[in-house]
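Structure file start31.pdb with PDB, C-alpha atoms, pLDDT in the B column:
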ATOM      1  CA  MET A   1     -29.215 -96.558 -36.082  1.00 43.00           C
ATOM      2  CA  THR A   2     -26.166 -98.469 -34.946  1.00 45.00           C
ATOM      3  CA  GLU A   3     -22.495 -97.770 -35.504  1.00 57.00           C
ATOM      4  CA  SER A   4     -20.955-101.230 -35.478  1.00 52.00           C
ATOM      5  CA  ASN A   5     -17.658-102.661 -36.678  1.00 51.00           C
ATOM      6  CA  ASP A   6     -18.899-106.249 -36.620  1.00 54.00           C
ATOM      7  CA  ASP A   7     -19.736-106.337 -40.313  1.00 57.00           C
ATOM      8  CA  GLU A   8     -16.649-104.603 -41.692  1.00 65.00           C
ATOM      9  CA  ARG A   9     -15.670-106.505 -44.802  1.00 68.00           C
ATOM     10  CA  HIS A  10     -12.457-104.836 -45.940  1.00 66.00           C
ATOM     11  CA  VAL A  11      -9.849-102.838 -44.088  1.00 64.00           C
ATOM     12  CA  THR A  12      -7.234-100.481 -45.511  1.00 64.00           C
ATOM     13  CA  GLU A  13      -4.470 -99.301 -43.232  1.00 62.00           C
ATOM     14  CA  PRO A  14      -2.258 -97.100 -45.408  1.00 49.00           C
ATOM     15  CA  THR A  15       0.487 -96.144 -42.954  1.00 46.00           C
ATOM     16  CA  GLU A  16       4.043 -97.157 -43.839  1.00 44.00           C
ATOM     17  CA  GLU A  17       4.388 -99.232 -40.675  1.00 41.00           C
ATOM     18  CA  THR A  18       1.134-101.046 -41.274  1.00 39.00           C
ATOM     19  CA  THR A  19       1.840-101.776 -44.938  1.00 36.00           C
ATOM     20  CA  ALA A  20       5.254-103.227 -44.165  1.00 30.00           C
ATOM     21  CA  GLN A  21       3.889-105.390 -41.356  1.00 34.00           C
ATOM     22  CA  SER A  22       0.980-106.624 -43.446  1.00 33.00           C
ATOM     23  CA  ASP A  23       3.237-107.512 -46.388  1.00 32.00           C
ATOM     24  CA  ALA A  24       5.431-109.540 -44.048  1.00 31.00           C
ATOM     25  CA  GLU A  25       2.406-111.369 -42.712  1.00 34.00           C
ATOM     26  CA  ASN A  26       1.249-112.121 -46.259  1.00 36.00           C
ATOM     27  CA  GLU A  27       4.629-113.549 -47.205  1.00 37.00           C
ATOM     28  CA  ASN A  28       4.626-115.673 -44.066  1.00 39.00           C
ATOM     29  CA  ALA A  29       1.146-117.001 -44.876  1.00 39.00           C
ATOM     30  CA  GLU A  30       2.191-117.918 -48.420  1.00 39.00           C
ATOM     31  CA  SER A  31       5.326-119.670 -47.204  1.00 38.00           C
ATOM     32  CA  HIS A  32       3.187-121.910 -45.006  1.00 42.00           C
ATOM     33  CA  GLY A  33       0.719-122.659 -47.776  1.00 45.00           C
ATOM     34  CA  ASP A  34      -2.193-120.866 -46.087  1.00 48.00           C
ATOM     35  CA  GLU A  35      -3.346-118.534 -48.833  1.00 47.00           C
ATOM     36  CA  ASN A  36      -6.684-117.809 -47.175  1.00 48.00           C
ATOM     37  CA  ARG A  37      -5.302-116.603 -43.841  1.00 45.00           C
ATOM     38  CA  PRO A  38      -5.748-112.816 -43.626  1.00 46.00           C
ATOM     39  CA  ALA A  39      -2.835-110.571 -42.752  1.00 49.00           C
ATOM     40  CA  ALA A  40      -2.652-109.401 -39.154  1.00 57.00           C
ATOM     41  CA  ARG A  41      -4.023-105.937 -38.513  1.00 65.00           C
ATOM     42  CA  MET A  42      -1.188-103.811 -37.168  1.00 83.00           C
ATOM     43  CA  ILE A  43      -2.194-100.703 -35.231  1.00 88.00           C
ATOM     44  CA  ALA A  44       0.359 -98.323 -33.732  1.00 92.00           C
ATOM     45  CA  MET A  45      -0.064 -97.890 -29.970  1.00 93.00           C
ATOM     46  CA  ASP A  46      -0.713 -94.157 -30.089  1.00 94.00           C
ATOM     47  CA  ASP A  47      -3.082 -92.068 -27.955  1.00 95.00           C
ATOM     48  CA  GLY A  48      -5.860 -92.834 -30.404  1.00 94.00           C
ATOM     49  CA  TYR A  49      -5.713 -96.565 -29.765  1.00 93.00           C
ATOM     50  CA  GLN A  50      -4.961 -96.302 -26.044  1.00 94.00           C
ATOM     51  CA  PHE A  51      -7.117 -93.324 -25.018  1.00 94.00           C
ATOM     52  CA  GLY A  52      -9.535 -92.603 -27.852  1.00 94.00           C
ATOM     53  CA  LEU A  53      -7.814 -89.444 -29.093  1.00 96.00           C
ATOM     54  CA  GLY A  54      -8.782 -89.875 -32.715  1.00 97.00           C
ATOM     55  CA  VAL A  55     -11.567 -88.926 -35.098  1.00 97.00           C
ATOM     56  CA  PHE A  56     -13.720 -90.807 -37.574  1.00 97.00           C
ATOM     57  CA  GLU A  57     -16.358 -90.309 -40.254  1.00 97.00           C
ATOM     58  CA  THR A  58     -18.967 -92.860 -41.323  1.00 96.00           C
ATOM     59  CA  MET A  59     -20.093 -92.154 -44.889  1.00 97.00           C
ATOM     60  CA  ALA A  60     -22.776 -93.495 -47.189  1.00 96.00           C
ATOM     61  CA  LEU A  61     -21.705 -94.845 -50.577  1.00 96.00           C
ATOM     62  CA  ARG A  62     -24.289 -94.608 -53.361  1.00 95.00           C
ATOM     63  CA  ALA A  63     -23.616 -95.748 -56.922  1.00 93.00           C
ATOM     64  CA  GLY A  64     -19.911 -95.945 -56.135  1.00 92.00           C
ATOM     65  CA  ARG A  65     -19.774 -92.365 -54.864  1.00 94.00           C
ATOM     66  CA  ILE A  66     -19.282 -91.227 -51.257  1.00 96.00           C
ATOM     67  CA  MET A  67     -22.065 -88.829 -50.362  1.00 96.00           C
ATOM     68  CA  MET A  68     -21.185 -85.352 -49.018  1.00 96.00           C
ATOM     69  CA  LEU A  69     -17.492 -86.217 -48.956  1.00 97.00           C
ATOM     70  CA  ASP A  70     -16.402 -82.574 -48.719  1.00 97.00           C
ATOM     71  CA  ARG A  71     -18.430 -82.065 -45.545  1.00 97.00           C
ATOM     72  CA  HIS A  72     -17.178 -85.290 -44.007  1.00 97.00           C
ATOM     73  CA  LEU A  73     -13.540 -84.398 -44.657  1.00 98.00           C
ATOM     74  CA  ASP A  74     -14.092 -80.888 -43.322  1.00 97.00           C
ATOM     75  CA  ARG A  75     -15.528 -82.216 -40.062  1.00 97.00           C
ATOM     76  CA  LEU A  76     -12.764 -84.815 -39.799  1.00 97.00           C
ATOM     77  CA  ARG A  77     -10.121 -82.130 -40.193  1.00 97.00           C
ATOM     78  CA  LYS A  78     -11.707 -79.810 -37.626  1.00 96.00           C
ATOM     79  CA  GLY A  79     -11.900 -82.655 -35.142  1.00 97.00           C
ATOM     80  CA  ALA A  80      -8.271 -83.617 -35.756  1.00 97.00           C
ATOM     81  CA  GLU A  81      -7.157 -80.024 -35.271  1.00 97.00           C
ATOM     82  CA  ALA A  82      -9.080 -79.818 -31.990  1.00 96.00           C
ATOM     83  CA  LEU A  83      -7.242 -82.929 -30.754  1.00 96.00           C
ATOM     84  CA  ASN A  84      -3.905 -81.647 -32.099  1.00 96.00           C
ATOM     85  CA  ILE A  85      -3.651 -84.571 -34.518  1.00 95.00           C
ATOM     86  CA  THR A  86      -1.775 -84.306 -37.799  1.00 94.00           C
ATOM     87  CA  ALA A  87      -4.234 -85.859 -40.235  1.00 94.00           C
ATOM     88  CA  PRO A  88      -3.481 -86.703 -43.881  1.00 95.00           C
ATOM     89  CA  SER A  89      -4.386 -83.971 -46.345  1.00 96.00           C
ATOM     90  CA  ASP A  90      -7.783 -84.006 -48.013  1.00 96.00           C
ATOM     91  CA  ASP A  91      -6.118 -84.956 -51.291  1.00 96.00           C
ATOM     92  CA  ASP A  92      -4.336 -87.883 -49.634  1.00 96.00           C
ATOM     93  CA  LEU A  93      -7.539 -89.042 -47.955  1.00 97.00           C
ATOM     94  CA  ARG A  94      -9.407 -88.869 -51.259  1.00 96.00           C
ATOM     95  CA  TRP A  95      -6.709 -90.960 -52.907  1.00 96.00           C
ATOM     96  CA  LEU A  96      -6.739 -93.493 -50.058  1.00 96.00           C
ATOM     97  CA  LEU A  97     -10.515 -93.730 -50.206  1.00 96.00           C
ATOM     98  CA  GLY A  98     -10.375 -94.263 -53.956  1.00 95.00           C
ATOM     99  CA  GLU A  99      -7.778 -97.005 -53.531  1.00 95.00           C
ATOM    100  CA  HIS A 100      -9.898 -98.669 -50.881  1.00 95.00           C
ATOM    101  CA  LEU A 101     -12.998 -98.641 -53.066  1.00 95.00           C
ATOM    102  CA  HIS A 102     -10.977-100.124 -55.919  1.00 94.00           C
ATOM    103  CA  GLN A 103      -9.395-102.869 -53.809  1.00 93.00           C
ATOM    104  CA  ALA A 104     -12.714-103.701 -52.145  1.00 93.00           C
ATOM    105  CA  GLY A 105     -14.525-103.897 -55.473  1.00 93.00           C
ATOM    106  CA  LEU A 106     -16.917-101.100 -54.500  1.00 94.00           C
ATOM    107  CA  GLU A 107     -16.459 -98.926 -57.569  1.00 92.00           C
ATOM    108  CA  GLY A 108     -19.981 -98.584 -58.892  1.00 89.00           C
ATOM    109  CA  SER A 109     -21.468-100.381 -55.890  1.00 92.00           C
ATOM    110  CA  PRO A 110     -25.127 -99.379 -55.373  1.00 95.00           C
ATOM    111  CA  SER A 111     -24.777 -99.051 -51.611  1.00 95.00           C
ATOM    112  CA  ALA A 112     -22.278 -99.455 -48.779  1.00 96.00           C
ATOM    113  CA  VAL A 113     -20.897 -97.687 -45.734  1.00 96.00           C
ATOM    114  CA  VAL A 114     -17.297 -96.452 -45.732  1.00 97.00           C
ATOM    115  CA  LYS A 115     -15.558 -95.404 -42.541  1.00 97.00           C
ATOM    116  CA  VAL A 116     -12.291 -93.480 -42.183  1.00 97.00           C
ATOM    117  CA  ILE A 117     -10.515 -93.443 -38.816  1.00 97.00           C
ATOM    118  CA  VAL A 118      -7.586 -91.116 -38.092  1.00 97.00           C
ATOM    119  CA  SER A 119      -5.337 -90.907 -35.050  1.00 97.00           C
ATOM    120  CA  GLU A 120      -1.832 -89.506 -34.753  1.00 96.00           C
ATOM    121  CA  ALA A 121      -0.106 -92.647 -36.069  1.00 95.00           C
ATOM    122  CA  ASN A 122      -2.940 -94.531 -37.780  1.00 96.00           C
ATOM    123  CA  THR A 123      -5.202 -94.027 -40.768  1.00 96.00           C
ATOM    124  CA  VAL A 124      -7.661 -96.873 -41.261  1.00 95.00           C
ATOM    125  CA  ILE A 125     -10.449 -97.248 -43.845  1.00 96.00           C
ATOM    126  CA  THR A 126     -13.160 -99.899 -43.585  1.00 95.00           C
ATOM    127  CA  ASP A 127     -16.420-100.731 -45.338  1.00 96.00           C
ATOM    128  CA  ARG A 128     -19.565-102.687 -44.568  1.00 95.00           C
ATOM    129  CA  ALA A 129     -23.104-103.136 -45.779  1.00 94.00           C
ATOM    130  CA  ASN A 130     -25.511-100.242 -45.217  1.00 93.00           C
ATOM    131  CA  PRO A 131     -27.927-101.314 -42.437  1.00 89.00           C
ATOM    132  CA  TYR A 132     -30.584 -98.859 -43.646  1.00 88.00           C
ATOM    133  CA  ASP A 133     -31.014-100.365 -47.115  1.00 90.00           C
ATOM    134  CA  ASP A 134     -33.779-102.698 -45.982  1.00 89.00           C
ATOM    135  CA  TRP A 135     -35.766-100.127 -44.016  1.00 88.00           C
ATOM    136  CA  GLU A 136     -39.381 -99.737 -45.057  1.00 90.00           C
ATOM    137  CA  PRO A 137     -41.015 -96.279 -45.399  1.00 87.00           C
ATOM    138  CA  GLY A 138     -42.338 -95.179 -42.035  1.00 88.00           C
ATOM    139  CA  HIS A 139     -39.931 -97.404 -40.122  1.00 89.00           C
ATOM    140  CA  ALA A 140     -39.856 -96.173 -36.522  1.00 88.00           C
ATOM    141  CA  LEU A 141     -37.354 -96.614 -33.712  1.00 90.00           C
ATOM    142  CA  ARG A 142     -38.139 -97.206 -30.057  1.00 94.00           C
ATOM    143  CA  LEU A 143     -35.823 -95.037 -27.951  1.00 96.00           C
ATOM    144  CA  GLU A 144     -35.397 -94.468 -24.241  1.00 97.00           C
ATOM    145  CA  TRP A 145     -33.381 -91.897 -22.269  1.00 97.00           C
ATOM    146  CA  CYS A 146     -29.716 -92.496 -21.449  1.00 97.00           C
ATOM    147  CA  GLU A 147     -28.809 -92.770 -17.796  1.00 96.00           C
ATOM    148  CA  SER A 148     -25.526 -90.904 -18.303  1.00 96.00           C
ATOM    149  CA  ARG A 149     -25.370 -87.261 -19.418  1.00 96.00           C
ATOM    150  CA  ARG A 150     -23.355 -85.425 -22.035  1.00 95.00           C
ATOM    151  CA  ASN A 151     -20.804 -82.985 -20.644  1.00 95.00           C
ATOM    152  CA  GLU A 152     -21.353 -79.757 -22.576  1.00 95.00           C
ATOM    153  CA  ARG A 153     -18.107 -78.354 -21.155  1.00 95.00           C
ATOM    154  CA  SER A 154     -15.938 -81.130 -22.580  1.00 93.00           C
ATOM    155  CA  PRO A 155     -14.131 -80.289 -25.846  1.00 90.00           C
ATOM    156  CA  LEU A 156     -14.675 -83.894 -26.958  1.00 91.00           C
ATOM    157  CA  THR A 157     -18.454 -83.391 -26.993  1.00 90.00           C
ATOM    158  CA  TYR A 158     -18.276 -81.162 -30.054  1.00 91.00           C
ATOM    159  CA  HIS A 159     -16.251 -83.456 -32.297  1.00 94.00           C
ATOM    160  CA  LYS A 160     -16.704 -86.954 -33.741  1.00 94.00           C
ATOM    161  CA  THR A 161     -13.992 -88.684 -31.735  1.00 96.00           C
ATOM    162  CA  LEU A 162     -13.094 -92.269 -30.931  1.00 96.00           C
ATOM    163  CA  ASN A 163     -14.270 -91.667 -27.352  1.00 94.00           C
ATOM    164  CA  GLN A 164     -17.485 -93.640 -27.856  1.00 93.00           C
ATOM    165  CA  GLY A 165     -17.561 -95.598 -24.595  1.00 94.00           C
ATOM    166  CA  ASP A 166     -20.661 -93.847 -23.226  1.00 94.00           C
ATOM    167  CA  ASN A 167     -22.473 -94.393 -26.520  1.00 95.00           C
ATOM    168  CA  ILE A 168     -21.697 -98.091 -26.733  1.00 96.00           C
ATOM    169  CA  LEU A 169     -22.562 -98.861 -23.113  1.00 97.00           C
ATOM    170  CA  GLU A 170     -25.836 -96.910 -23.237  1.00 97.00           C
ATOM    171  CA  PHE A 171     -26.738 -98.524 -26.563  1.00 97.00           C
ATOM    172  CA  ARG A 172     -26.156-101.999 -25.175  1.00 97.00           C
ATOM    173  CA  LYS A 173     -28.295-101.268 -22.106  1.00 97.00           C
ATOM    174  CA  ALA A 174     -31.091 -99.963 -24.310  1.00 97.00           C
ATOM    175  CA  ARG A 175     -31.004-103.061 -26.507  1.00 97.00           C
ATOM    176  CA  GLU A 176     -31.120-105.319 -23.450  1.00 97.00           C
ATOM    177  CA  ARG A 177     -34.329-103.517 -22.432  1.00 97.00           C
ATOM    178  CA  GLY A 178     -35.913-104.028 -25.830  1.00 97.00           C
ATOM    179  CA  PHE A 179     -35.231-100.568 -27.303  1.00 97.00           C
ATOM    180  CA  ASP A 180     -33.398 -99.669 -30.512  1.00 95.00           C
ATOM    181  CA  GLY A 181     -31.220 -97.117 -28.735  1.00 96.00           C
ATOM    182  CA  ALA A 182     -31.370 -94.183 -26.365  1.00 97.00           C
ATOM    183  CA  VAL A 183     -31.203 -90.378 -26.368  1.00 97.00           C
ATOM    184  CA  PHE A 184     -28.591 -88.336 -24.530  1.00 97.00           C
ATOM    185  CA  LEU A 185     -29.351 -85.223 -22.520  1.00 97.00           C
ATOM    186  CA  ASN A 186     -26.601 -82.933 -21.245  1.00 96.00           C
ATOM    187  CA  SER A 187     -26.209 -81.696 -17.689  1.00 96.00           C
ATOM    188  CA  ARG A 188     -28.622 -78.822 -18.472  1.00 96.00           C
ATOM    189  CA  GLY A 189     -31.323 -81.243 -19.601  1.00 96.00           C
ATOM    190  CA  GLU A 190     -30.994 -80.332 -23.284  1.00 95.00           C
ATOM    191  CA  VAL A 191     -31.493 -82.983 -25.986  1.00 94.00           C
ATOM    192  CA  CYS A 192     -28.185 -83.828 -27.689  1.00 93.00           C
ATOM    193  CA  GLU A 193     -28.149 -86.967 -29.838  1.00 93.00           C
ATOM    194  CA  ALA A 194     -29.000 -90.646 -29.909  1.00 95.00           C
ATOM    195  CA  THR A 195     -26.529 -93.290 -28.813  1.00 95.00           C
ATOM    196  CA  ASN A 196     -25.595 -94.173 -32.393  1.00 88.00           C
ATOM    197  CA  ALA A 197     -27.382 -91.657 -34.572  1.00 85.00           C
ATOM    198  CA  ASN A 198     -28.052 -87.984 -35.147  1.00 85.00           C
ATOM    199  CA  LEU A 199     -31.389 -86.448 -34.227  1.00 88.00           C
ATOM    200  CA  PHE A 200     -33.403 -84.241 -36.607  1.00 89.00           C
ATOM    201  CA  PHE A 201     -36.645 -82.500 -35.763  1.00 87.00           C
ATOM    202  CA  VAL A 202     -38.929 -79.798 -37.105  1.00 93.00           C
ATOM    203  CA  ARG A 203     -39.660 -76.690 -35.029  1.00 92.00           C
ATOM    204  CA  ASP A 204     -41.730 -73.775 -36.327  1.00 96.00           C
ATOM    205  CA  GLY A 205     -41.629 -75.263 -39.818  1.00 95.00           C
ATOM    206  CA  ARG A 206     -37.836 -75.539 -39.962  1.00 96.00           C
ATOM    207  CA  TRP A 207     -35.564 -78.548 -39.727  1.00 92.00           C
TER     208      TRP A 207
END
Represent the structure from my file as structure tokens, please.
Amino acid sequence: MTESNDDERHVTEPTEETTAQSDAENENAESHGDENRPAARMIAMDDGYQFGLGVFETMALRAGRIMMLDRHLDRLRKGAEALNITAPSDDDLRWLLGEHLHQAGLEGSPSAVVKVIVSEANTVITDRANPYDDWEPGHALRLEWCESRRNERSPLTYHKTLNQGDNILEFRKARERGFDGAVFLNSRGEVCEATNANLFFVRDGRW
């Protein structure tokens, strides 16, 4: 249900600036005898970091393989194009994802969540445990309605962008009230999505 960064275990930031900065931090840590101190995470101050003009995909890893990777990369690219962001090529992203899985020891892992984040000057890959692994069959969520509304006229509404402020704030309010999340309507009163999940339903025998 939730999209959280709290449990991210490994981070790959494969930009030239980030790699150089991280290597310098590693050398500094070794020179001071602190081998366990992690390198600082260096993020370029682009419009993605400052204003949320970036895109991301959160992907399930099963048996060491990212599920529906082609569809995730396709949606990532369409979102980047809509925001006028120059994203790495699909081939480069596949290579970066493979490197991340190797470095994180996730090759062959039975289950995990892998997230790729792209803005104009940053490409970041993270991983964490899959929160749905422990769900029992028939597990149900308690949802309420969001107080804020989706803007169906905004171009950001139709892409998976880093502009997640409404989602996070509404999710936190719902949790404070004892719910698992909340459902967004748009200004026309149409059902859109949950705060941190997609919605699926059956109508006339069709998903």
For this file, the PyMOL selection byres ((chain A and resi 90-96) around 10) selects which residues, as a PyMOL selection string?
-> chain A and resi 12-14+69-70+73-74+76-77+87-89+97-102+116+123-125
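Closest approach to Ala82 of chain A among A:Gly165, A:Gly48, A:Gly54, A:Gly178 is made by A:Gly54 (distances from all atoms listed in the file).
Here, the PyMOL selection byres ((chain A and resi 148-157) around 7) matches Cys146, Glu147, Tyr158, His159, Thr161, Phe184, Leu185, Asn186 and Ser187 of chain A.
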Counting all atoms listed in the file, the residue among A:Asn84, A:Thr58, A:Thr195, A:Gln164 that lies closest to Asn130 of chain A is A:Thr58
Counting all atoms listed in the file, note down every residue that has an atom within 10 Å of the point (-17.6, -92.3, -43.2) (file coordinates), as a list in words.
->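 Checked against the point, the hits come out as Phe56, Glu57, Thr58, Met59, Ala60, Leu61, Ile66, Met67, Met68, Leu69, His72, Leu73, Leu76, Val113, Val114, Lys115, Val116, Ile117, Ile125, Thr126 and Asp127 of chain A.
Minimum atom-to-atom distances from A:Leu162, A:Ala140, A:Ala197, A:Cys192 to Gln50 of chain A were compared using only C-alpha atoms, and the lowest value belongs to A:Leu162.
Between atom CA of Ala129 of chain A and atom CA of Glu107 of chain A the interatomic distance comes to 14.2 Å.
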Atom pair atom CA of His139 of chain A / atom CA of Asn196 of chain A: separation (Å) | 16.6 Å
Residues returned when the PyMOL selection byres ((chain A and resi 181) around 8) runs on this file, as a CSV table (one decimal) with C-alpha atoms, keeping the file's coordinate frame:
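Contents of result00.csv, freshly written:
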chain,number,residue,atom,x,y,z
A,1,MET,CA,-29.2,-96.6,-36.1
A,141,LEU,CA,-37.4,-96.6,-33.7
A,142,ARG,CA,-38.1,-97.2,-30.1
A,143,LEU,CA,-35.8,-95.0,-28.0
A,144,GLU,CA,-35.4,-94.5,-24.2
A,170,GLU,CA,-25.8,-96.9,-23.2
A,171,PHE,CA,-26.7,-98.5,-26.6
A,172,ARG,CA,-26.2,-102.0,-25.2
A,174,ALA,CA,-31.1,-100.0,-24.3
A,175,ARG,CA,-31.0,-103.1,-26.5
A,179,PHE,CA,-35.2,-100.6,-27.3
A,180,ASP,CA,-33.4,-99.7,-30.5
A,182,ALA,CA,-31.4,-94.2,-26.4
A,183,VAL,CA,-31.2,-90.4,-26.4
A,194,ALA,CA,-29.0,-90.6,-29.9
A,195,THR,CA,-26.5,-93.3,-28.8
A,196,ASN,CA,-25.6,-94.2,-32.4
Atomic separation - atom CA of Ser119 of chain A relative to atom CA of Arg65 of chain A, Å =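 Separation of atom CA of Arg65 of chain A and atom CA of Ser119 of chain A: 24.6 Å.
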Among the residues A:Gly138, A:Arg62, A:Ile85, A:Arg75, the one that comes closest to Gly108 of chain A [using only C-alpha atoms] = A:Arg62
Nearest to Asp46 of chain A: which of A:Asn122, A:Gly79, A:Val191, A:Thr86 is it, counting only C-alpha atoms?
->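 Checking each candidate against Asp46 of chain A, we get A:Asn122 as the closest.
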